[in-house]
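Structure file input09.txt; described as compact mmCIF, C-alpha atoms.
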```txt
# COMPACT_ATOMS: atom_id res chain seq x y z
CA MET A 9 18.82 2.01 18.18
CA GLU A 10 17.83 5.62 18.62
CA VAL A 11 14.46 6.35 17.09
CA GLY A 12 12.99 9.78 16.50
CA LEU A 13 9.24 10.15 16.40
CA LEU A 14 7.90 13.26 14.68
CA TYR A 15 4.49 14.08 16.05
CA SER A 16 2.07 16.78 17.04
CA ARG A 17 -0.47 14.50 18.67
CA ILE A 18 0.10 11.13 20.28
CA ARG A 19 -2.72 8.93 19.07
CA PRO A 20 -3.28 5.38 20.32
CA ASP A 21 -1.31 4.26 17.26
CA GLU A 22 1.76 6.22 18.35
CA LYS A 23 1.39 4.91 21.89
CA LEU A 24 1.47 1.34 20.60
CA LEU A 25 4.66 2.09 18.66
CA LEU A 26 6.29 3.93 21.57
CA THR A 27 5.49 1.10 23.96
CA GLU A 28 6.89 -1.51 21.60
CA LEU A 29 10.08 0.47 20.98
CA ARG A 30 10.73 1.12 24.66
CA GLU A 31 10.01 -2.46 25.69
CA ARG A 32 12.73 -3.55 23.28
CA GLY A 33 15.19 -1.13 24.85
CA HIS A 34 15.36 1.37 22.04
CA GLU A 35 15.93 4.98 22.94
CA VAL A 36 13.03 7.05 21.69
CA HIS A 37 13.19 10.78 21.05
CA LYS A 38 9.79 12.37 20.63
CA VAL A 39 10.00 15.50 18.50
CA ASP A 40 6.97 17.75 18.70
CA VAL A 41 7.02 19.48 15.33
CA ARG A 42 5.00 22.37 16.75
CA GLU A 43 8.05 23.28 18.80
CA ALA A 44 10.93 22.24 16.55
CA THR A 45 12.42 24.51 13.90
CA PHE A 46 14.16 23.25 10.81
CA GLY A 47 17.13 25.14 9.38
CA LEU A 48 19.26 24.35 6.38
CA ASP A 49 22.51 23.34 8.03
CA ALA A 50 21.88 21.17 11.05
CA PRO A 51 18.96 19.13 12.31
CA PRO A 52 17.17 20.17 15.48
CA GLU A 53 18.39 18.05 18.33
CA PRO A 54 17.91 15.22 18.99
CA LEU A 55 16.94 14.46 15.41
CA GLY A 56 20.55 14.33 14.24
CA GLN A 57 21.52 11.48 16.54
CA CYS A 58 18.68 9.20 15.46
CA ASP A 59 19.28 6.02 13.50
CA VAL A 60 15.84 6.38 12.01
CA VAL A 61 12.95 8.79 12.30
CA LEU A 62 9.31 7.81 12.17
CA ASP A 63 7.12 10.49 10.66
CA ARG A 64 3.88 10.23 12.59
CA CYS A 65 2.68 13.79 12.07
CA MET A 66 -1.07 13.91 11.93
CA ALA A 67 -1.05 17.16 9.94
CA THR A 68 -0.20 16.47 6.33
CA SER A 69 1.61 19.78 5.80
CA ARG A 70 3.88 19.15 8.79
CA SER A 71 4.47 15.57 7.73
CA ARG A 72 5.52 16.64 4.25
CA TYR A 73 7.98 19.31 5.36
CA ALA A 74 9.37 17.69 8.52
CA GLY A 75 10.02 14.46 6.64
CA ARG A 76 11.66 16.36 3.82
CA PHE A 77 13.96 18.12 6.29
CA ALA A 78 14.91 14.82 7.94
CA ASP A 79 15.87 13.54 4.53
CA HIS A 80 17.81 16.78 3.88
CA TYR A 81 19.83 16.11 7.03
CA ASP A 82 20.51 12.55 5.83
CA VAL A 83 18.55 11.15 8.74
CA PRO A 84 16.67 8.08 7.48
CA VAL A 85 12.95 8.73 7.68
CA VAL A 86 9.96 6.41 7.46
CA ASN A 87 8.13 7.13 5.28
CA SER A 88 10.31 8.80 2.72
CA PRO A 89 9.37 12.33 1.67
CA GLU A 90 8.76 11.04 -1.84
CA THR A 91 6.20 8.59 -0.49
CA ALA A 92 4.62 11.28 1.69
CA LYS A 93 4.35 13.58 -1.32
CA LEU A 94 2.60 10.95 -3.40
CA CYS A 95 0.27 9.72 -0.69
CA SER A 96 -0.73 13.03 0.85
CA ASP A 97 -2.23 14.40 -2.34
CA LYS A 98 -5.00 12.46 -4.04
CA VAL A 99 -4.02 13.71 -7.49
CA GLU A 100 -0.46 12.48 -6.98
CA THR A 101 -1.68 9.14 -5.64
CA THR A 102 -4.09 8.62 -8.52
CA LEU A 103 -1.39 9.41 -11.07
CA ALA A 104 1.14 7.12 -9.36
CA LEU A 105 -1.33 4.24 -9.25
CA SER A 106 -2.41 4.79 -12.84
CA GLU A 107 1.16 5.01 -14.09
CA ALA A 108 1.91 1.72 -12.34
CA GLY A 109 -1.02 0.06 -14.10
CA ILE A 110 -2.95 -0.44 -10.87
CA PRO A 111 -6.74 -0.29 -11.15
CA THR A 112 -7.99 2.89 -9.53
CA PRO A 113 -11.31 4.72 -9.83
CA GLU A 114 -11.77 6.80 -12.98
CA THR A 115 -10.85 10.38 -12.07
CA THR A 116 -10.91 13.79 -13.73
CA VAL A 117 -9.28 16.94 -12.36
CA ALA A 118 -10.59 20.40 -13.24
CA PHE A 119 -9.56 23.88 -12.15
CA THR A 120 -12.72 25.91 -12.53
CA THR A 121 -16.28 25.32 -11.38
CA GLU A 122 -17.43 25.38 -15.01
CA SER A 123 -15.02 22.69 -16.18
CA ALA A 124 -15.60 20.72 -12.97
CA LEU A 125 -19.34 20.73 -13.68
CA GLU A 126 -18.64 19.46 -17.18
CA ALA A 127 -16.53 16.66 -15.71
CA ILE A 128 -19.27 15.82 -13.22
CA GLU A 129 -21.91 15.73 -15.93
CA ALA A 130 -19.67 13.48 -18.00
CA PHE A 131 -19.48 10.99 -15.12
CA GLY A 132 -23.20 11.22 -14.51
CA TYR A 133 -24.86 10.89 -11.12
CA PRO A 134 -23.92 9.84 -8.57
CA CYS A 135 -20.26 10.75 -8.70
CA VAL A 136 -17.84 11.91 -6.06
CA LEU A 137 -16.02 15.17 -5.41
CA LYS A 138 -13.05 14.89 -3.05
CA PRO A 139 -10.59 17.35 -1.56
CA VAL A 140 -7.08 16.71 -2.87
CA VAL A 141 -5.73 16.79 0.69
CA GLY A 142 -7.77 15.37 3.52
CA SER A 143 -8.54 12.26 5.43
CA TRP A 144 -11.07 10.42 7.57
CA GLY A 145 -13.75 10.93 4.91
CA ARG A 146 -14.03 14.63 5.59
CA LEU A 147 -15.26 17.06 2.91
CA MET A 148 -16.15 14.23 0.57
CA ALA A 149 -19.27 14.87 -1.48
CA LYS A 150 -21.40 12.25 -3.18
CA LEU A 151 -23.18 14.23 -5.88
CA GLU A 152 -26.62 12.95 -6.79
CA SER A 153 -27.83 15.78 -9.04
CA ARG A 154 -26.70 18.76 -11.06
CA SER A 155 -28.19 21.19 -8.56
CA ALA A 156 -26.25 19.55 -5.71
CA ALA A 157 -23.07 19.67 -7.82
CA GLU A 158 -23.54 23.36 -8.55
CA ALA A 159 -24.04 24.12 -4.86
CA VAL A 160 -21.01 22.16 -3.68
CA LEU A 161 -18.78 23.66 -6.37
CA GLU A 162 -19.87 27.18 -5.46
CA HIS A 163 -19.22 26.54 -1.79
CA LYS A 164 -15.80 25.10 -2.50
CA GLU A 165 -14.82 28.02 -4.69
CA THR A 166 -16.14 30.63 -2.28
CA LEU A 167 -15.15 29.24 1.08
CA GLY A 168 -12.14 27.11 0.46
CA HIS A 169 -8.41 27.30 0.46
CA TYR A 170 -7.00 27.46 -3.07
CA GLU A 171 -6.60 23.68 -2.97
CA HIS A 172 -10.40 23.45 -3.00
CA SER A 173 -10.36 24.92 -6.47
CA VAL A 174 -8.52 21.84 -7.65
CA PHE A 175 -11.65 19.84 -8.33
CA TYR A 176 -10.99 16.12 -8.04
CA VAL A 177 -13.99 14.37 -9.57
CA GLN A 178 -14.24 10.61 -9.37
CA GLN A 179 -16.58 7.89 -10.44
CA PHE A 180 -18.83 6.58 -7.69
CA VAL A 181 -17.88 2.97 -7.03
CA ASP A 182 -20.90 0.99 -5.91
CA LYS A 183 -19.04 -1.04 -3.31
CA PRO A 184 -20.76 -3.74 -1.27
CA GLY A 185 -21.16 -1.62 1.87
CA ARG A 186 -17.53 -1.98 2.77
CA ASP A 187 -14.01 -1.28 1.67
CA LEU A 188 -10.73 -2.97 2.55
CA ARG A 189 -7.62 -1.73 4.33
CA VAL A 190 -4.33 -3.59 3.98
CA LEU A 191 -1.40 -2.45 6.10
CA THR A 192 1.89 -3.11 4.36
CA VAL A 193 5.57 -2.76 5.19
CA ASP A 194 7.56 -2.28 1.99
CA GLY A 195 4.75 -4.02 0.18
CA GLU A 196 4.54 -7.00 2.52
CA PRO A 197 1.00 -7.28 3.91
CA VAL A 198 0.89 -7.26 7.71
CA ALA A 199 -2.86 -7.50 8.22
CA ALA A 200 -6.10 -6.54 6.55
CA MET A 201 -9.60 -5.60 7.55
CA SER A 202 -12.90 -4.70 6.02
CA ARG A 203 -14.70 -1.54 7.07
CA SER A 204 -18.47 -1.68 6.79
CA SER A 205 -21.13 0.95 7.10
CA ASP A 206 -24.62 1.76 5.86
CA HIS A 207 -23.19 5.14 4.90
CA TRP A 208 -21.40 5.47 1.58
CA LEU A 209 -18.29 6.50 3.51
CA THR A 210 -16.74 3.53 5.27
CA ASN A 211 -13.81 5.13 7.08
CA ALA A 212 -13.06 3.62 10.47
CA ALA A 213 -12.67 7.19 11.75
CA ALA A 214 -16.29 7.80 10.72
CA GLY A 215 -17.49 4.86 12.77
CA ALA A 216 -17.46 1.99 10.27
CA GLU A 217 -17.48 -1.52 11.72
CA THR A 218 -14.19 -3.29 11.25
CA GLU A 219 -13.58 -6.98 10.74
CA SER A 220 -10.53 -9.04 9.91
CA PHE A 221 -10.22 -9.70 6.18
CA GLU A 222 -8.50 -12.76 4.80
CA LEU A 223 -6.26 -11.68 1.99
CA ASP A 224 -6.68 -13.32 -1.38
CA SER A 225 -3.90 -13.38 -3.91
CA GLU A 226 -5.33 -10.49 -5.92
CA VAL A 227 -5.67 -8.13 -2.96
CA GLU A 228 -2.17 -9.09 -1.87
CA ARG A 229 -0.78 -8.43 -5.33
CA LEU A 230 -2.51 -5.06 -5.60
CA ALA A 231 -1.37 -4.02 -2.12
CA ARG A 232 2.22 -4.89 -3.01
CA GLU A 233 2.06 -3.04 -6.31
CA ALA A 234 0.35 0.01 -4.81
CA SER A 235 3.06 0.16 -2.16
CA GLU A 236 5.75 -0.04 -4.81
CA ALA A 237 4.02 2.64 -6.88
CA VAL A 238 4.41 5.19 -4.07
CA GLY A 239 7.87 4.15 -2.93
CA GLY A 240 7.15 1.60 -0.20
CA GLY A 241 7.37 2.04 3.54
CA LEU A 242 4.70 1.69 6.20
CA LEU A 243 1.42 2.17 4.37
CA GLY A 244 -2.31 1.65 4.52
CA VAL A 245 -3.62 0.59 1.12
CA ASP A 246 -7.38 1.01 0.63
CA LEU A 247 -9.30 -1.01 -1.94
CA MET A 248 -12.90 -1.46 -3.00
CA GLU A 249 -14.44 -4.65 -4.31
CA LEU A 250 -16.03 -4.50 -7.72
CA GLY A 251 -18.98 -6.72 -8.53
CA GLY A 252 -20.14 -7.23 -4.97
CA GLU A 253 -18.74 -8.73 -1.80
CA GLY A 254 -16.38 -11.60 -2.52
CA GLY A 255 -15.84 -10.44 -6.08
CA ASP A 256 -12.38 -11.01 -7.44
CA GLU A 257 -11.87 -7.57 -8.96
CA TYR A 258 -10.72 -4.59 -6.97
CA THR A 259 -9.85 -0.95 -7.36
CA VAL A 260 -7.28 0.86 -5.22
CA HIS A 261 -8.55 4.26 -4.16
CA GLU A 262 -6.09 5.44 -1.54
CA VAL A 263 -2.68 4.85 0.00
CA ASN A 264 -2.07 6.34 3.45
CA HIS A 265 1.45 7.26 4.53
CA THR A 266 0.91 8.03 8.23
CA VAL A 267 -1.38 5.06 8.57
CA GLU A 268 -3.49 4.64 11.68
CA PHE A 269 -3.81 1.05 12.82
CA LYS A 270 -5.63 1.10 16.15
CA ALA A 271 -8.81 -0.21 14.55
CA LEU A 272 -6.90 -2.80 12.52
CA ASN A 273 -5.02 -3.96 15.60
CA ALA A 274 -8.31 -4.55 17.38
CA ALA A 275 -9.82 -6.41 14.43
CA VAL A 276 -7.05 -8.89 13.68
CA ASP A 277 -4.97 -11.44 15.57
CA VAL A 278 -1.71 -9.87 14.42
CA ASP A 279 0.07 -7.49 16.79
CA VAL A 280 0.54 -4.71 14.28
CA ALA A 281 2.95 -2.58 16.31
CA THR A 282 5.18 -5.61 16.98
CA THR A 283 5.30 -6.48 13.31
CA VAL A 284 6.00 -2.90 12.30
CA ILE A 285 8.88 -2.56 14.75
CA ASP A 286 10.27 -5.95 13.65
CA TRP A 287 10.32 -4.54 10.14
CA LEU A 288 11.84 -1.23 11.25
CA GLU A 289 14.63 -2.98 13.14
CA ALA A 290 15.44 -5.15 10.15
CA LYS A 291 15.34 -2.15 7.85
CA VAL A 292 17.75 -0.16 9.99
CA ALA A 293 20.00 -3.19 10.48
CA ASP A 294 20.20 -3.60 6.74
CA SER A 295 20.84 0.13 6.39
CA GLU A 296 18.20 0.23 3.75
CA VAL A 297 16.10 3.04 5.10
CA GLY A 298 15.67 5.80 2.59
CA THR A 299 17.65 4.11 -0.14
CA ASP A 300 15.01 1.89 -1.67
CA ALA A 301 12.15 4.30 -1.57
CA THR A 302 12.14 5.37 -5.16
CA PRO A 303 8.68 5.91 -6.60
CA ALA A 304 7.91 3.59 -9.45
CA GLU A 305 7.27 6.37 -11.91
CA VAL A 306 10.79 7.76 -11.66
CA GLN A 307 12.55 4.43 -11.79
CA PRO A 308 14.74 4.10 -14.86
CA MET B 5 -2.44 7.27 38.29
CA SER B 6 -1.96 11.02 38.28
CA GLU B 7 -4.49 13.79 38.05
CA ALA B 8 -4.55 17.29 36.66
CA ASP B 9 -7.09 20.07 36.51
CA CYS B 10 -9.21 20.63 33.45
CA VAL B 11 -8.30 24.05 32.06
CA THR B 12 -11.92 24.70 31.10
CA CYS B 13 -14.01 23.63 34.10
CA GLY B 14 -11.35 23.06 36.74
CA ASP B 15 -12.53 19.56 37.55
CA SER B 16 -9.94 16.89 38.23
CA VAL B 17 -9.02 14.68 35.26
CA ALA B 18 -7.39 11.28 35.84
CA LEU B 19 -4.54 10.42 33.49
CA PRO B 20 -3.61 6.87 32.54
CA GLU B 21 -0.45 5.36 34.06
CA ASP B 22 1.29 5.46 30.71
CA ALA B 23 0.19 8.97 29.77
CA GLU B 24 2.36 10.57 27.11
CA VAL B 25 3.03 14.21 26.43
CA GLY B 26 1.03 14.94 23.28
CA GLU B 27 -1.77 12.52 24.14
CA ILE B 28 -5.39 13.66 24.18
CA VAL B 29 -7.78 13.00 27.04
CA ASP B 30 -11.36 14.09 27.53
CA CYS B 31 -12.58 15.88 30.62
CA GLY B 32 -15.25 13.65 32.11
CA SER B 33 -17.02 16.64 33.57
CA CYS B 34 -17.27 19.18 30.72
CA GLY B 35 -16.16 17.07 27.74
CA THR B 36 -13.33 19.38 26.67
CA GLU B 37 -10.58 17.70 24.66
CA LEU B 38 -7.37 18.19 26.58
CA GLU B 39 -3.77 17.68 25.57
CA VAL B 40 -1.29 16.26 28.04
CA VAL B 41 1.52 18.85 28.12
CA GLY B 42 3.31 17.44 31.17
CA VAL B 43 3.36 14.14 33.04
CA ASP B 44 5.60 14.90 36.01
CA PRO B 45 3.81 16.85 37.26
CA ALA B 46 0.72 16.17 35.21
CA GLU B 47 -0.45 19.19 33.28
CA LEU B 48 -3.19 19.69 30.73
CA ALA B 49 -3.94 22.30 28.07
CA GLU B 50 -6.87 22.71 25.75
CA ALA B 51 -6.29 20.52 22.68
CA PRO B 52 -5.91 22.23 19.31
CA ASP B 53 -8.95 22.37 17.08
CA LEU B 54 -9.20 19.89 14.26
CA ALA B 55 -7.29 21.19 11.23
CA GLU B 56 -8.22 20.55 7.65
CA ASP B 57 -5.08 18.60 6.78
CA TRP B 58 -5.21 16.24 9.75
CA GLY B 59 -5.50 12.59 9.00
CA GLU B 60 -3.49 9.55 8.10
```

Could you spell out this file's structure in structure tokens?
Amino acid sequence: MEVGLLYSRIRPDEKLLLTELRERGHEVHKVDVREATFGLDAPPEPLGQCDVVLDRCMATSRSRYAGRFADHYDVPVVNSPETAKLCSDKVETTLALSEAGIPTPETTVAFTTESALEAIEAFGYPCVLKPVVGSWGRLMAKLESRSAAEAVLEHKETLGHYEHSVFYVQQFVDKPGRDLRVLTVDGEPVAAMSRSSDHWLTNAAAGAETESFELDSEVERLAREASEAVGGGLLGVDLMELGGEGGDEYTVHEVNHTVEFKALNAAVDVDVATTVIDWLEAKVADSEVGTDATPAEVQP
Amino acid sequence: MSEADCVTCGDSVALPEDAEVGEIVDCGSCGTELEVVGVDPAELAEAPDLAEDWGE
């Protein structure tokens, strides 16, 4: 098959996918979205000749629009623009998870520093203030006091893009020094790992230690349901354990739509890229790409 | 293995056999993040700065 890969930076994750695709004899067309332009009538070549396009844009804005254009041209794209829209914005993700009945941290959104401070005070300290768009644990604030909250809110309002005046306030979940990442393909778990750190942020990108995690039925169920809630595809579902390590209750705090898996690949016995391309081949063969990616909240 | 000059310090930077256009390598001499913009011949440019919406 002919596979397009939308990118602006080739990370180790993209290299693993490219290697796997080429070794299987697929023709790969890398499309650098910094150079491509997207008009209304025809896709930029060679996008139009692709059987499927993988959106691997590292920049969320580019991912959102490039994927939407691929869909506009009727070129099947993984992940779907609907999924990208829901996953790339924390407010959208939280609403999708909540509407699907999936446990997710208690969250309040406010639009002014005054109302945000009220929301923060209502949660009590510590609580968490997150950017609505962002990744790798950046610009996350654990607020321990009113004075810290006032300072962070003022900085966000003064220095930030307008999105920083969408104040996403969340309960602080006292996780057991780790969170969990499950990589799924259309809800099917491929592999899972824990990410541990002494820091309250446990992102692998921030240096957390990763270890293979054996899925239990509850994590598997939540990963499947979280995937379905955002429309399926190739996803990284993040969960936290409630009640300590080994507890049987979880909360889903994030779903990533351009999921990185280098760290996961190193932590588990599964060859993630192989499994992902197996899935992609089957999906294209079944001509299902883009047709079953309806977010749960708009299903009849 | 091919080599290209670092655009910041001019030192020679070795690229992996399977280098891809769009991949990032670090200059071992000055530490600059470099983007592979050509593989045949090998060519490097300074990598873009981290943007706020980058991630997964």

Can I get the residues of chain B within 8 Å of chain A, each with the closest pair of atoms and their distance in Å to one decimal, using all atoms listed in the file, sorted chain first then ascending number, as a tab-separated table?
```
residue	atom	partner	partner_atom	distance
B:Glu24	CA	A:Ile18	CA	7.2
B:Val25	CA	A:Ile18	CA	7.5
B:Gly26	CA	A:Arg17	CA	4.9
B:Glu27	CA	A:Ile18	CA	4.5
B:Ile28	CA	A:Ile18	CA	7.2
B:Ala55	CA	A:Ala67	CA	7.5
B:Glu56	CA	A:Gly142	CA	6.6
B:Asp57	CA	A:Gly142	CA	5.3
B:Trp58	CA	A:Ala67	CA	4.3
B:Gly59	CA	A:Ser143	CA	4.7
B:Glu60	CA	A:Thr266	CA	4.7
```

Worksheet item: So how many Å separate CA of Ala51 (chain B) and CA of Thr218 (chain A), to one decimal?
Response: 27.6 Å

Discussion item. Please report the interatomic distance between CA of Leu288 (chain A) and CA of Tyr258 (chain A) in Å with one decimal.
Written reply: 29.2 Å

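Coordinates place CA of Ala234 (chain A) at a distance of 27.5 Å from CA of Leu151 (chain A).
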
Worksheet entry | For Val43 (chain B): contacts at 9 Å, all atoms listed in the file, fewer than 3 positions along chain excluded, given as a ChimeraX atom specification | /B:6,19,23-25,40,46-48

Fill in: Close residues, Gly32 (chain B) itself excluded, 10 Å, all atoms listed in the file, min 6 positions apart in chain, as number ranges by chain
B: 10, 15-18

Worksheet entry | Residues within 9 Å of region 77-82 of chain A, all atoms listed in the file, excluding chain neighbours under 6 positions, as a list in words | Phe46, Gly47, Leu48, Asp49, Ala50, Pro51, Leu55, Gly56, Val61, Ser88, Pro89 and Gly298 of chain A

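Using all atoms listed in the file, the nearest neighbour of Leu250 (chain A) within the list A:Ala216, A:Val181, A:Met201, A:Ala274 is A:Val181.
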
Need the axis-aligned box for region 66-69 of chain A with 6 Å each side, so what are the centre and edges in Å to one decimal, as AutoDock Vina command-line options?
```
--center_x 0.3 --center_y 16.8 --center_z 8.9 --size_x 14.7 --size_y 17.9 --size_z 18.1
```

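The nearest approach to Thr210 (chain A) among the residues A:Leu29, A:Val260, A:Cys58, A:Asp246, with only C-alpha atoms taken into account, belongs to A:Asp246.
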
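Shortest atom-to-atom contact with Val11 (chain B) among B:Val29, B:Glu37, B:Glu50, B:Pro45: B:Glu50, counting only C-alpha atoms.
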